[in-house]
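A.B. asks: What follows is the file start_21.cif, containing mmCIF, C-alpha atoms:
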```cif
data_target
#
loop_
_atom_site.label_atom_id
_atom_site.label_comp_id
_atom_site.auth_asym_id
_atom_site.auth_seq_id
_atom_site.Cartn_x
_atom_site.Cartn_y
_atom_site.Cartn_z
CA MET A 1166 -29.79 11.16 -24.10
CA GLY A 1167 -27.78 14.07 -25.47
CA SER A 1168 -24.01 14.27 -25.99
CA HIS A 1169 -23.60 16.41 -22.85
CA GLU A 1170 -25.26 13.74 -20.69
CA LEU A 1171 -23.18 11.00 -22.32
CA PHE A 1172 -19.93 12.84 -21.62
CA LEU A 1173 -21.04 13.44 -18.04
CA LEU A 1174 -21.90 9.76 -17.57
CA LEU A 1175 -18.57 8.74 -19.11
CA GLY A 1176 -16.73 11.12 -16.80
CA VAL A 1177 -18.46 9.63 -13.76
CA ALA A 1178 -17.67 6.10 -14.93
CA ILE A 1179 -14.00 6.98 -15.45
CA GLY A 1180 -13.87 8.63 -12.02
CA VAL A 1181 -15.39 5.58 -10.32
CA ALA A 1182 -13.01 3.24 -12.16
CA ALA A 1183 -10.01 5.39 -11.21
CA PHE A 1184 -11.11 5.41 -7.57
CA LEU A 1185 -11.55 1.62 -7.54
CA ILE A 1186 -8.09 1.10 -9.06
CA TRP A 1187 -6.53 3.47 -6.51
CA TRP A 1188 -8.36 1.75 -3.64
CA LEU A 1189 -7.72 -1.84 -4.73
CA ILE A 1190 -4.11 -1.41 -5.84
CA PHE A 1191 -2.59 1.42 -3.83
CA GLU A 1192 -4.59 2.10 -0.67
CA THR A 1193 -5.23 -1.55 0.26
CA GLU A 1194 -2.16 -3.03 -1.51
CA GLY A 1195 -4.21 -5.61 -3.41
CA VAL A 1196 -5.51 -7.45 -0.36
CA TYR A 1197 -9.08 -7.70 -1.70
CA LEU A 1198 -7.73 -9.23 -4.92
CA GLY A 1199 -5.97 -12.17 -3.27
CA ARG A 1200 -2.54 -13.23 -2.06
CA ARG A 1201 -0.96 -13.50 -5.51
CA VAL A 1202 -1.83 -9.89 -6.30
CA VAL A 1203 -0.48 -8.71 -2.93
CA VAL A 1204 2.84 -10.49 -3.50
CA ALA A 1205 3.02 -9.27 -7.11
CA LEU A 1206 2.50 -5.67 -6.01
CA TYR A 1207 5.20 -5.94 -3.36
CA ASP A 1208 7.52 -7.43 -5.98
CA LEU A 1209 6.68 -4.53 -8.30
CA TYR A 1210 7.32 -1.80 -5.74
CA ALA A 1211 10.24 -3.39 -3.87
CA GLY A 1212 12.79 -1.00 -5.29
CA ARG A 1213 10.76 2.03 -4.18
CA TYR A 1214 9.28 0.59 -1.00
CA ASP A 1215 11.65 2.30 1.45
CA ARG A 1216 11.17 5.67 -0.26
CA ILE A 1217 7.40 5.24 -0.15
CA LYS A 1218 7.30 4.24 3.53
CA GLN A 1219 10.00 6.71 4.65
CA PHE A 1220 10.82 4.87 7.87
CA ASP A 1221 12.34 7.04 10.59
CA GLU A 1222 15.31 5.04 11.89
CA SER A 1223 15.77 7.13 15.02
CA ALA A 1224 12.10 6.66 15.91
CA ASP A 1225 12.35 2.93 15.15
CA ILE A 1226 15.33 2.63 17.51
CA THR A 1227 13.37 4.33 20.28
CA LEU A 1228 10.07 2.54 19.69
CA ILE A 1229 11.09 -0.88 18.33
CA SER A 1230 14.65 -2.07 18.91
CA GLN A 1231 15.23 -0.57 22.37
CA PRO A 1232 11.88 -1.76 23.79
CA LEU A 1233 12.49 -5.23 22.32
CA LEU A 1234 15.84 -5.47 24.06
CA ASP A 1235 14.45 -4.06 27.30
CA ARG A 1236 11.51 -6.48 27.37
CA ILE A 1237 13.56 -9.60 26.63
CA ALA A 1238 16.41 -8.81 29.06
CA PRO A 1239 18.40 -10.54 30.42
CA ASP A 1240 18.28 -12.66 27.24
CA ALA A 1241 21.12 -10.82 25.48
CA ASP A 1242 21.23 -13.10 22.44
CA PRO A 1243 17.58 -13.85 21.51
CA LEU A 1244 16.60 -15.74 18.39
CA ILE A 1245 13.99 -13.57 16.66
CA LEU A 1246 11.61 -14.30 13.77
CA ASP A 1247 10.37 -11.25 11.88
CA VAL A 1248 7.31 -12.19 9.81
CA ALA A 1249 6.55 -10.09 6.70
CA THR A 1250 10.00 -8.55 7.02
CA GLY A 1251 9.75 -6.69 3.71
CA THR A 1252 13.04 -4.98 2.95
CA GLY A 1253 14.50 -6.04 6.30
CA ARG A 1254 13.37 -3.22 8.56
CA VAL A 1255 13.45 -5.14 11.85
CA PRO A 1256 16.45 -7.43 11.19
CA LEU A 1257 18.69 -4.53 10.16
CA LEU A 1258 17.39 -2.33 12.95
CA MET A 1259 18.36 -4.97 15.51
CA ALA A 1260 21.70 -5.69 13.82
CA ARG A 1261 22.65 -2.01 14.06
CA ASN A 1262 22.01 -1.99 17.82
CA ALA A 1263 25.26 -2.48 19.73
CA ARG A 1264 23.36 -4.19 22.59
CA PHE A 1265 22.00 -6.91 20.32
CA GLN A 1266 23.99 -10.16 20.22
CA GLY A 1267 21.27 -12.46 18.94
CA HIS A 1268 20.01 -13.36 15.46
CA VAL A 1269 16.97 -12.34 13.40
CA ILE A 1270 15.40 -14.47 10.68
CA GLY A 1271 13.42 -12.22 8.34
CA LEU A 1272 10.63 -14.03 6.46
CA ASP A 1273 8.60 -12.65 3.56
CA ALA A 1274 6.54 -13.98 0.65
CA SER A 1275 7.94 -11.43 -1.82
CA GLY A 1276 11.20 -12.44 -3.46
CA ARG A 1277 11.89 -8.93 -4.74
CA MET A 1278 11.42 -7.42 -1.28
CA LEU A 1279 13.91 -9.95 0.08
CA ASP A 1280 16.33 -9.12 -2.73
CA ARG A 1281 16.24 -5.52 -1.57
CA ALA A 1282 16.73 -6.65 2.04
CA ARG A 1283 19.75 -8.74 0.99
CA GLU A 1284 21.28 -5.74 -0.75
CA LYS A 1285 20.95 -3.71 2.44
CA ALA A 1286 22.27 -6.58 4.57
CA ALA A 1287 25.30 -7.21 2.35
CA ASP A 1288 27.70 -5.92 4.96
CA ALA A 1289 30.08 -7.99 7.09
CA ARG A 1290 28.79 -6.15 10.17
CA PHE A 1291 25.28 -7.56 9.68
CA GLU A 1292 26.06 -11.12 8.53
CA PRO A 1293 26.27 -12.69 12.03
CA PHE A 1294 22.91 -11.22 13.00
CA VAL A 1295 20.59 -11.58 9.99
CA SER A 1296 19.17 -14.39 7.81
CA LEU A 1297 16.45 -13.92 5.17
CA ILE A 1298 14.06 -16.54 3.78
CA GLN A 1299 11.12 -16.54 1.40
CA HIS A 1300 7.99 -18.23 2.73
CA ASP A 1301 4.28 -17.75 3.36
CA ALA A 1302 3.28 -16.62 6.86
CA SER A 1303 0.20 -18.86 6.98
CA LYS A 1304 2.31 -21.99 7.56
CA LEU A 1305 5.66 -21.12 9.06
CA PRO A 1306 8.43 -23.62 8.24
CA PHE A 1307 9.64 -24.06 11.82
CA GLU A 1308 9.06 -26.42 14.70
CA ASP A 1309 6.96 -25.43 17.72
CA SER A 1310 8.66 -23.17 20.28
CA SER A 1311 11.60 -22.29 18.01
CA PHE A 1312 12.00 -18.58 18.83
CA ASP A 1313 12.43 -16.29 21.81
CA VAL A 1314 10.72 -13.40 20.02
CA VAL A 1315 8.36 -13.10 17.04
CA THR A 1316 7.61 -9.76 15.39
CA CYS A 1317 5.18 -8.79 12.63
CA LEU A 1318 4.71 -5.09 11.93
CA GLU A 1319 2.07 -3.39 9.77
CA ALA A 1320 1.24 -6.61 7.95
CA LEU A 1321 -1.56 -8.72 9.45
CA GLU A 1322 -4.33 -6.84 7.68
CA PHE A 1323 -2.68 -7.55 4.31
CA MET A 1324 -2.58 -11.30 4.86
CA PRO A 1325 -5.38 -13.47 3.41
CA ARG A 1326 -5.81 -15.34 6.72
CA PRO A 1327 -4.57 -13.12 9.53
CA GLY A 1328 -5.94 -15.38 12.26
CA THR A 1329 -4.04 -18.35 10.85
CA ALA A 1330 -0.86 -16.32 10.52
CA LEU A 1331 -1.14 -15.06 14.10
CA ALA A 1332 -1.67 -18.61 15.36
CA GLU A 1333 1.45 -19.72 13.50
CA MET A 1334 3.48 -16.92 15.09
CA VAL A 1335 2.35 -18.04 18.54
CA ARG A 1336 3.04 -21.69 17.71
CA VAL A 1337 6.71 -21.08 16.89
CA LEU A 1338 7.19 -18.84 19.95
CA ARG A 1339 8.58 -20.57 23.04
CA PRO A 1340 6.59 -20.48 26.32
CA GLY A 1341 7.44 -17.19 28.00
CA GLY A 1342 8.52 -15.73 24.65
CA LEU A 1343 7.67 -12.25 23.43
CA LEU A 1344 5.36 -11.27 20.57
CA LEU A 1345 5.31 -7.81 18.98
CA THR A 1346 2.69 -7.12 16.33
CA THR A 1347 0.39 -4.27 15.32
CA ILE A 1348 -3.23 -3.35 14.73
CA ARG A 1349 -4.28 -0.74 12.21
CA ILE A 1350 -6.06 2.26 13.71
CA ASP A 1351 -7.00 3.89 10.40
CA THR A 1352 -9.72 1.51 9.21
CA ARG A 1353 -11.62 3.79 6.81
CA TRP A 1354 -10.40 2.15 3.62
CA MET A 1355 -10.11 -1.49 4.75
CA PRO A 1356 -13.56 -2.76 5.79
CA GLY A 1357 -13.47 -6.32 7.06
CA ARG A 1358 -9.66 -6.46 7.04
CA THR A 1359 -8.74 -4.76 10.30
CA TRP A 1360 -9.18 -5.81 13.93
CA THR A 1361 -10.23 -3.70 16.86
CA GLU A 1362 -8.17 -3.74 20.04
CA ALA A 1363 -10.84 -5.91 21.65
CA ARG A 1364 -10.68 -8.39 18.75
CA MET A 1365 -6.88 -8.56 18.93
CA ARG A 1366 -6.95 -9.15 22.68
CA ALA A 1367 -9.53 -11.91 22.25
CA GLU A 1368 -7.52 -13.59 19.49
CA LEU A 1369 -4.33 -13.51 21.56
CA GLU A 1370 -6.00 -14.74 24.74
CA ALA A 1371 -7.55 -17.63 22.80
CA LEU A 1372 -4.04 -18.54 21.61
CA GLY A 1373 -2.70 -18.63 25.18
CA MET A 1374 -1.03 -15.23 25.28
CA ARG A 1375 -0.88 -13.12 28.45
CA ASP A 1376 0.26 -9.70 29.65
CA ILE A 1377 -1.17 -8.11 26.51
CA ASP A 1378 -0.14 -4.47 26.18
CA VAL A 1379 -1.51 -2.17 23.46
CA LEU A 1380 0.43 1.07 22.92
CA ILE A 1381 -0.29 4.00 20.62
CA TRP A 1382 2.56 3.99 18.10
CA GLN A 1383 1.83 6.12 15.05
CA GLU A 1384 -1.05 7.62 13.10
CA ASP A 1385 -2.16 4.39 11.47
CA TYR A 1386 -1.01 1.72 13.95
CA SER A 1387 -0.82 0.65 17.58
CA GLN A 1388 1.81 -1.75 18.84
CA VAL A 1389 0.65 -4.96 20.52
CA TRP A 1390 3.02 -6.68 22.96
CA ALA A 1391 2.27 -10.03 24.58
CA LEU A 1392 3.95 -12.98 26.30
CA LYS A 1393 3.22 -16.63 25.60
CA ALA A 1394 1.87 -18.39 28.66
CA GLY A 1395 4.30 -20.64 30.52
CA SER A 1396 8.04 -20.47 30.83
CA SER A 1397 11.05 -22.08 29.20
CA GLN A 1398 14.74 -21.58 28.83
CA PRO A 1399 15.84 -18.93 26.31
CA ILE A 1400 16.77 -20.42 22.96
CA GLY A 1401 19.29 -17.77 21.99
CA ALA A 1402 21.22 -17.42 18.77
CA GLY A 1403 22.57 -20.93 19.35
CA GLY A 1404 19.16 -22.23 18.27
CA LEU A 1405 19.60 -20.84 14.77
CA GLU A 1406 20.90 -24.13 13.37
CA ASP A 1407 17.83 -26.02 14.66
CA ALA A 1408 15.54 -23.42 13.09
CA MET A 1409 17.33 -23.64 9.76
CA GLN A 1410 17.25 -27.43 9.93
CA SER A 1411 13.46 -27.19 10.26
CA LEU A 1412 13.45 -25.01 7.17
CA ARG A 1413 15.56 -27.50 5.22
CA GLN A 1414 13.28 -30.38 6.20
CA VAL A 1415 10.23 -28.46 4.99
CA ALA A 1416 11.95 -27.71 1.69
CA ILE A 1417 12.85 -31.39 1.20
CA SER A 1418 9.27 -32.42 2.03
CA GLN A 1419 7.80 -29.94 -0.42
CA ALA A 1420 10.21 -31.04 -3.14
CA SER A 1421 9.26 -34.70 -2.67
CA GLN A 1422 5.56 -33.84 -2.90
CA ILE A 1423 6.15 -32.02 -6.19
CA CYS A 1424 8.05 -35.00 -7.58
#
```
Would you give me this structure, written as structure tokens?
C.D. replies:
Amino acid sequence: MGSHELFLLLGVAIGVAAFLIWWLIFETEGVYLGRRVVVALYDLYAGRYDRIKQFDESADITLISQPLLDRIAPDADPLILDVATGTGRVPLLMARNARFQGHVIGLDASGRMLDRAREKAADARFEPFVSLIQHDASKLPFEDSSFDVVTCLEALEFMPRPGTALAEMVRVLRPGGLLLTTIRIDTRWMPGRTWTEARMRAELEALGMRDIDVLIWQEDYSQVWALKAGSSQPIGAGGLEDAMQSLRQVAISQASQIC
């Protein structure tokens, strides 16, 4: 093999390696490399995350916060859990809405993402409406039926066990409560990680969800709305202390197991 062929082969190898790095690290956010890599990447990019995502607040008001309030009316003060909250997109969006009188707990596995969320939430206007905690979505640290609403946007496909995480979200939702999540439409680069609309409907129906509504949202995602079967009294922001007590009990239990 001549030098020209060797250089050509080396160029191909470098190109393939560069593509794999781009795909594994950037396009799929480390999901094929395991949970620790995903969390580490979110920690690494937390300071630039909002610039990278370029969320449109006016669009989010129209397509997230207003529909949430409309669908949960007349519950004016719902207790909401936002799973994979990142830099606090949903909690801060709700807190900025004058109609919202409830409370949002934002949960994320990345400490650096939550640090960024806390910086954004460090305003007396937001304090009554937002709490932020670090925890894994696969085993939520709350009792059954603890929330009026659970949200999880653009995140399920990046979780190691999306079915388990979805089941946990339904578990902590009260009967009659509202779920808002998403399914990824653009599946080209994430084989085996994304669900079709039919798969999502089947998963939700198996978990006892009803009135499932799938709406085109943006280029990469559809919104999925659903209600938990049954009915119960709204929990409201007054249930925040019970939810946080559940969290404290989990923390104490974990600490005792470590000791």
A.B. asks: Name the residues that the PyMOL selection byres ((chain A and resi 1255) around 12) picks from the file above, as a PyMOL selection string, using the file's chain letters and numbers.
C.D. replies: chain A and resi 1220+1222+1225-1226+1228-1231+1233+1245-1254+1256-1262+1268-1272+1282+1286+1294-1297+1314-1319+1345-1346
A.B. asks: Write the residues you've just listed into a file as a PDB file, keeping the file's coordinate frame, and include C-alpha atoms for each of them.
C.D. replies:
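Just written: again_10.pdb:
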```
ATOM      1  CA  PHE A1220      10.820   4.870   7.870  1.00  0.00           C
ATOM      2  CA  GLU A1222      15.310   5.040  11.890  1.00  0.00           C
ATOM      3  CA  ASP A1225      12.350   2.930  15.150  1.00  0.00           C
ATOM      4  CA  ILE A1226      15.330   2.630  17.510  1.00  0.00           C
ATOM      5  CA  LEU A1228      10.070   2.540  19.690  1.00  0.00           C
ATOM      6  CA  ILE A1229      11.090  -0.880  18.330  1.00  0.00           C
ATOM      7  CA  SER A1230      14.650  -2.070  18.910  1.00  0.00           C
ATOM      8  CA  GLN A1231      15.230  -0.570  22.370  1.00  0.00           C
ATOM      9  CA  LEU A1233      12.490  -5.230  22.320  1.00  0.00           C
ATOM     10  CA  ILE A1245      13.990 -13.570  16.660  1.00  0.00           C
ATOM     11  CA  LEU A1246      11.610 -14.300  13.770  1.00  0.00           C
ATOM     12  CA  ASP A1247      10.370 -11.250  11.880  1.00  0.00           C
ATOM     13  CA  VAL A1248       7.310 -12.190   9.810  1.00  0.00           C
ATOM     14  CA  ALA A1249       6.550 -10.090   6.700  1.00  0.00           C
ATOM     15  CA  THR A1250      10.000  -8.550   7.020  1.00  0.00           C
ATOM     16  CA  GLY A1251       9.750  -6.690   3.710  1.00  0.00           C
ATOM     17  CA  THR A1252      13.040  -4.980   2.950  1.00  0.00           C
ATOM     18  CA  GLY A1253      14.500  -6.040   6.300  1.00  0.00           C
ATOM     19  CA  ARG A1254      13.370  -3.220   8.560  1.00  0.00           C
ATOM     20  CA  PRO A1256      16.450  -7.430  11.190  1.00  0.00           C
ATOM     21  CA  LEU A1257      18.690  -4.530  10.160  1.00  0.00           C
ATOM     22  CA  LEU A1258      17.390  -2.330  12.950  1.00  0.00           C
ATOM     23  CA  MET A1259      18.360  -4.970  15.510  1.00  0.00           C
ATOM     24  CA  ALA A1260      21.700  -5.690  13.820  1.00  0.00           C
ATOM     25  CA  ARG A1261      22.650  -2.010  14.060  1.00  0.00           C
ATOM     26  CA  ASN A1262      22.010  -1.990  17.820  1.00  0.00           C
ATOM     27  CA  HIS A1268      20.010 -13.360  15.460  1.00  0.00           C
ATOM     28  CA  VAL A1269      16.970 -12.340  13.400  1.00  0.00           C
ATOM     29  CA  ILE A1270      15.400 -14.470  10.680  1.00  0.00           C
ATOM     30  CA  GLY A1271      13.420 -12.220   8.340  1.00  0.00           C
ATOM     31  CA  LEU A1272      10.630 -14.030   6.460  1.00  0.00           C
ATOM     32  CA  ALA A1282      16.730  -6.650   2.040  1.00  0.00           C
ATOM     33  CA  ALA A1286      22.270  -6.580   4.570  1.00  0.00           C
ATOM     34  CA  PHE A1294      22.910 -11.220  13.000  1.00  0.00           C
ATOM     35  CA  VAL A1295      20.590 -11.580   9.990  1.00  0.00           C
ATOM     36  CA  SER A1296      19.170 -14.390   7.810  1.00  0.00           C
ATOM     37  CA  LEU A1297      16.450 -13.920   5.170  1.00  0.00           C
ATOM     38  CA  VAL A1314      10.720 -13.400  20.020  1.00  0.00           C
ATOM     39  CA  VAL A1315       8.360 -13.100  17.040  1.00  0.00           C
ATOM     40  CA  THR A1316       7.610  -9.760  15.390  1.00  0.00           C
ATOM     41  CA  CYS A1317       5.180  -8.790  12.630  1.00  0.00           C
ATOM     42  CA  LEU A1318       4.710  -5.090  11.930  1.00  0.00           C
ATOM     43  CA  GLU A1319       2.070  -3.390   9.770  1.00  0.00           C
ATOM     44  CA  LEU A1345       5.310  -7.810  18.980  1.00  0.00           C
ATOM     45  CA  THR A1346       2.690  -7.120  16.330  1.00  0.00           C
TER      46      THR A1346
END
```
A.B. asks: To one decimal place, how far is atom CA of A:Tyr1197 from atom CA of A:Arg1358 in Å?
C.D. replies: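 Distance reported for this atom pair: 8.8 Å.
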A.B. asks: When distances are computed from all atoms listed in the file, which of A:Ala1274, A:Val1337, A:Ala1330, A:Ile1348 shows the smallest separation from A:Val1202?
C.D. replies: A:Ala1274
A.B. asks: Hey, which of A:Leu1198, A:Leu1305, A:Ile1350, A:Leu1372 ends up closest to A:Asp1385? Count all atoms listed in the file.
C.D. replies: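 Counting all atoms listed in the file, the residue closest to A:Asp1385 is A:Ile1350.
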A.B. asks: Select, from A:Pro1325, A:Arg1213, A:Arg1236, A:Lys1218, the residue with the minimum atom-to-atom distance to A:Gly1199, counting all atoms listed in the file.
C.D. replies: A:Pro1325
A.B. asks: When distances are computed from all atoms listed in the file, which of A:Asp1242, A:Asp1351, A:Asp1301, A:Asp1378 shows the smallest separation from A:Met1334?
C.D. replies: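 Under the stated criterion, the closest residue is A:Asp1301.
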A.B. asks: Once the PyMOL selection byres ((chain A and resi 1322) around 6) is applied to the coordinates I shared, what remains selected? I want it as a PDB file with C-alpha atoms, in the coordinates of the input.
C.D. replies:
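Resulting contents of result_6.pdb:
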```
ATOM      1  CA  ALA A1320       1.240  -6.610   7.950  1.00  0.00           C
ATOM      2  CA  LEU A1321      -1.560  -8.720   9.450  1.00  0.00           C
ATOM      3  CA  PHE A1323      -2.680  -7.550   4.310  1.00  0.00           C
ATOM      4  CA  MET A1324      -2.580 -11.300   4.860  1.00  0.00           C
ATOM      5  CA  ARG A1358      -9.660  -6.460   7.040  1.00  0.00           C
ATOM      6  CA  THR A1359      -8.740  -4.760  10.300  1.00  0.00           C
TER       7      THR A1359
END
```
A.B. asks: Please measure the separation of atom CA of A:Ile1381 and atom CA of A:Asp1235, giving the value in Å to one decimal.
C.D. replies: 18.1 Å
A.B. asks: For A:Gly1341, please output as a list in words all residues within 9 Å (counting all atoms listed in the file; exclusion window: fewer than 6 positions along the same chain).
C.D. replies: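 So, after excluding close chain neighbours, the residues are Asp1313, Leu1392, Lys1393, Ala1394, Gly1395, Ser1396, Ser1397, Gln1398 and Pro1399 of chain A.
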A.B. asks: Between atom CA of A:Arg1375 and atom CA of A:Ala1408, what is the spacing in Å?
C.D. replies: 24.7 Å
A.B. asks: Calculated over only C-alpha atoms, which of the candidates A:Gly1373, A:Gly1403, A:Gly1276, A:Pro1293 has the smallest distance to A:Ser1311?
C.D. replies: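 Counting only C-alpha atoms, the residue closest to A:Ser1311 is A:Gly1403.
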A.B. asks: Give me the residues near A:Asp1208 as a CSV table (one decimal) with C-alpha atoms, in the coordinates of the input, where near means some atom within 7 Å (using all atoms listed in the file) and where sequence neighbours in that chain fewer than 6 positions away do not count.
C.D. replies:
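Output file result_27.csv follows:
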```
chain,number,residue,atom,x,y,z
A,1275,SER,CA,7.9,-11.4,-1.8
A,1276,GLY,CA,11.2,-12.4,-3.5
A,1277,ARG,CA,11.9,-8.9,-4.7
A,1278,MET,CA,11.4,-7.4,-1.3
```
A.B. asks: Rank nothing, just name the residue among A:Leu1244, A:Val1196, A:Ala1402, A:Ala1183 nearest to A:Pro1356, using only C-alpha atoms.
C.D. replies: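 Once distances to A:Pro1356 are computed over only C-alpha atoms, the minimum belongs to A:Val1196.
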A.B. asks: With the input short on atoms, add all heavy atoms back to stretch 1298-1306 of chain A and write it as a compact mmCIF listing (two decimals), in the frame of the given file.
C.D. replies:
```txt
# COMPACT_ATOMS: atom_id res chain seq x y z
N ILE A 1298 14.65 -15.40 4.49
CA ILE A 1298 14.06 -16.54 3.78
C ILE A 1298 12.72 -16.14 3.17
O ILE A 1298 12.01 -15.29 3.71
CB ILE A 1298 13.87 -17.76 4.70
CG1 ILE A 1298 12.89 -17.45 5.84
CG2 ILE A 1298 15.19 -18.24 5.26
CD1 ILE A 1298 12.50 -18.66 6.64
N GLN A 1299 12.40 -16.78 2.06
CA GLN A 1299 11.12 -16.54 1.40
C GLN A 1299 10.14 -17.64 1.77
O GLN A 1299 10.39 -18.82 1.54
CB GLN A 1299 11.30 -16.48 -0.12
CG GLN A 1299 10.03 -16.13 -0.88
CD GLN A 1299 10.28 -15.97 -2.38
OE1 GLN A 1299 11.37 -16.20 -2.86
NE2 GLN A 1299 9.24 -15.58 -3.10
N HIS A 1300 9.01 -17.24 2.35
CA HIS A 1300 7.99 -18.23 2.73
C HIS A 1300 6.69 -17.52 3.08
O HIS A 1300 6.70 -16.33 3.45
CB HIS A 1300 8.46 -19.07 3.92
CG HIS A 1300 7.83 -20.44 3.96
ND1 HIS A 1300 6.59 -20.66 4.51
CD2 HIS A 1300 8.27 -21.64 3.52
CE1 HIS A 1300 6.30 -21.94 4.40
NE2 HIS A 1300 7.30 -22.56 3.80
N ASP A 1301 5.60 -18.26 3.01
CA ASP A 1301 4.28 -17.75 3.36
C ASP A 1301 4.12 -17.76 4.87
O ASP A 1301 4.54 -18.70 5.55
CB ASP A 1301 3.23 -18.64 2.70
CG ASP A 1301 1.81 -18.14 2.89
OD1 ASP A 1301 1.64 -17.04 3.44
OD2 ASP A 1301 0.87 -18.85 2.48
N ALA A 1302 3.47 -16.73 5.41
CA ALA A 1302 3.28 -16.62 6.86
C ALA A 1302 2.18 -17.53 7.38
O ALA A 1302 2.09 -17.76 8.60
CB ALA A 1302 2.96 -15.18 7.23
N SER A 1303 1.33 -18.06 6.51
CA SER A 1303 0.20 -18.86 6.98
C SER A 1303 0.59 -20.26 7.43
O SER A 1303 -0.20 -20.95 8.07
CB SER A 1303 -0.88 -18.95 5.90
OG SER A 1303 -0.39 -19.65 4.77
N LYS A 1304 1.81 -20.69 7.09
CA LYS A 1304 2.31 -21.99 7.56
C LYS A 1304 3.82 -21.86 7.70
O LYS A 1304 4.57 -22.18 6.77
CB LYS A 1304 1.93 -23.12 6.60
CG LYS A 1304 2.26 -24.51 7.16
CD LYS A 1304 1.67 -25.60 6.30
CE LYS A 1304 2.02 -26.99 6.82
NZ LYS A 1304 1.58 -27.20 8.21
N LEU A 1305 4.25 -21.40 8.85
CA LEU A 1305 5.66 -21.12 9.06
C LEU A 1305 6.48 -22.40 9.06
O LEU A 1305 6.07 -23.41 9.66
CB LEU A 1305 5.85 -20.36 10.37
CG LEU A 1305 5.20 -18.96 10.41
CD1 LEU A 1305 5.32 -18.36 11.81
CD2 LEU A 1305 5.85 -18.04 9.39
N PRO A 1306 7.65 -22.40 8.43
CA PRO A 1306 8.43 -23.62 8.24
C PRO A 1306 9.36 -23.93 9.41
O PRO A 1306 10.53 -24.27 9.22
CB PRO A 1306 9.24 -23.30 6.97
CG PRO A 1306 9.50 -21.83 7.09
CD PRO A 1306 8.24 -21.25 7.71
```
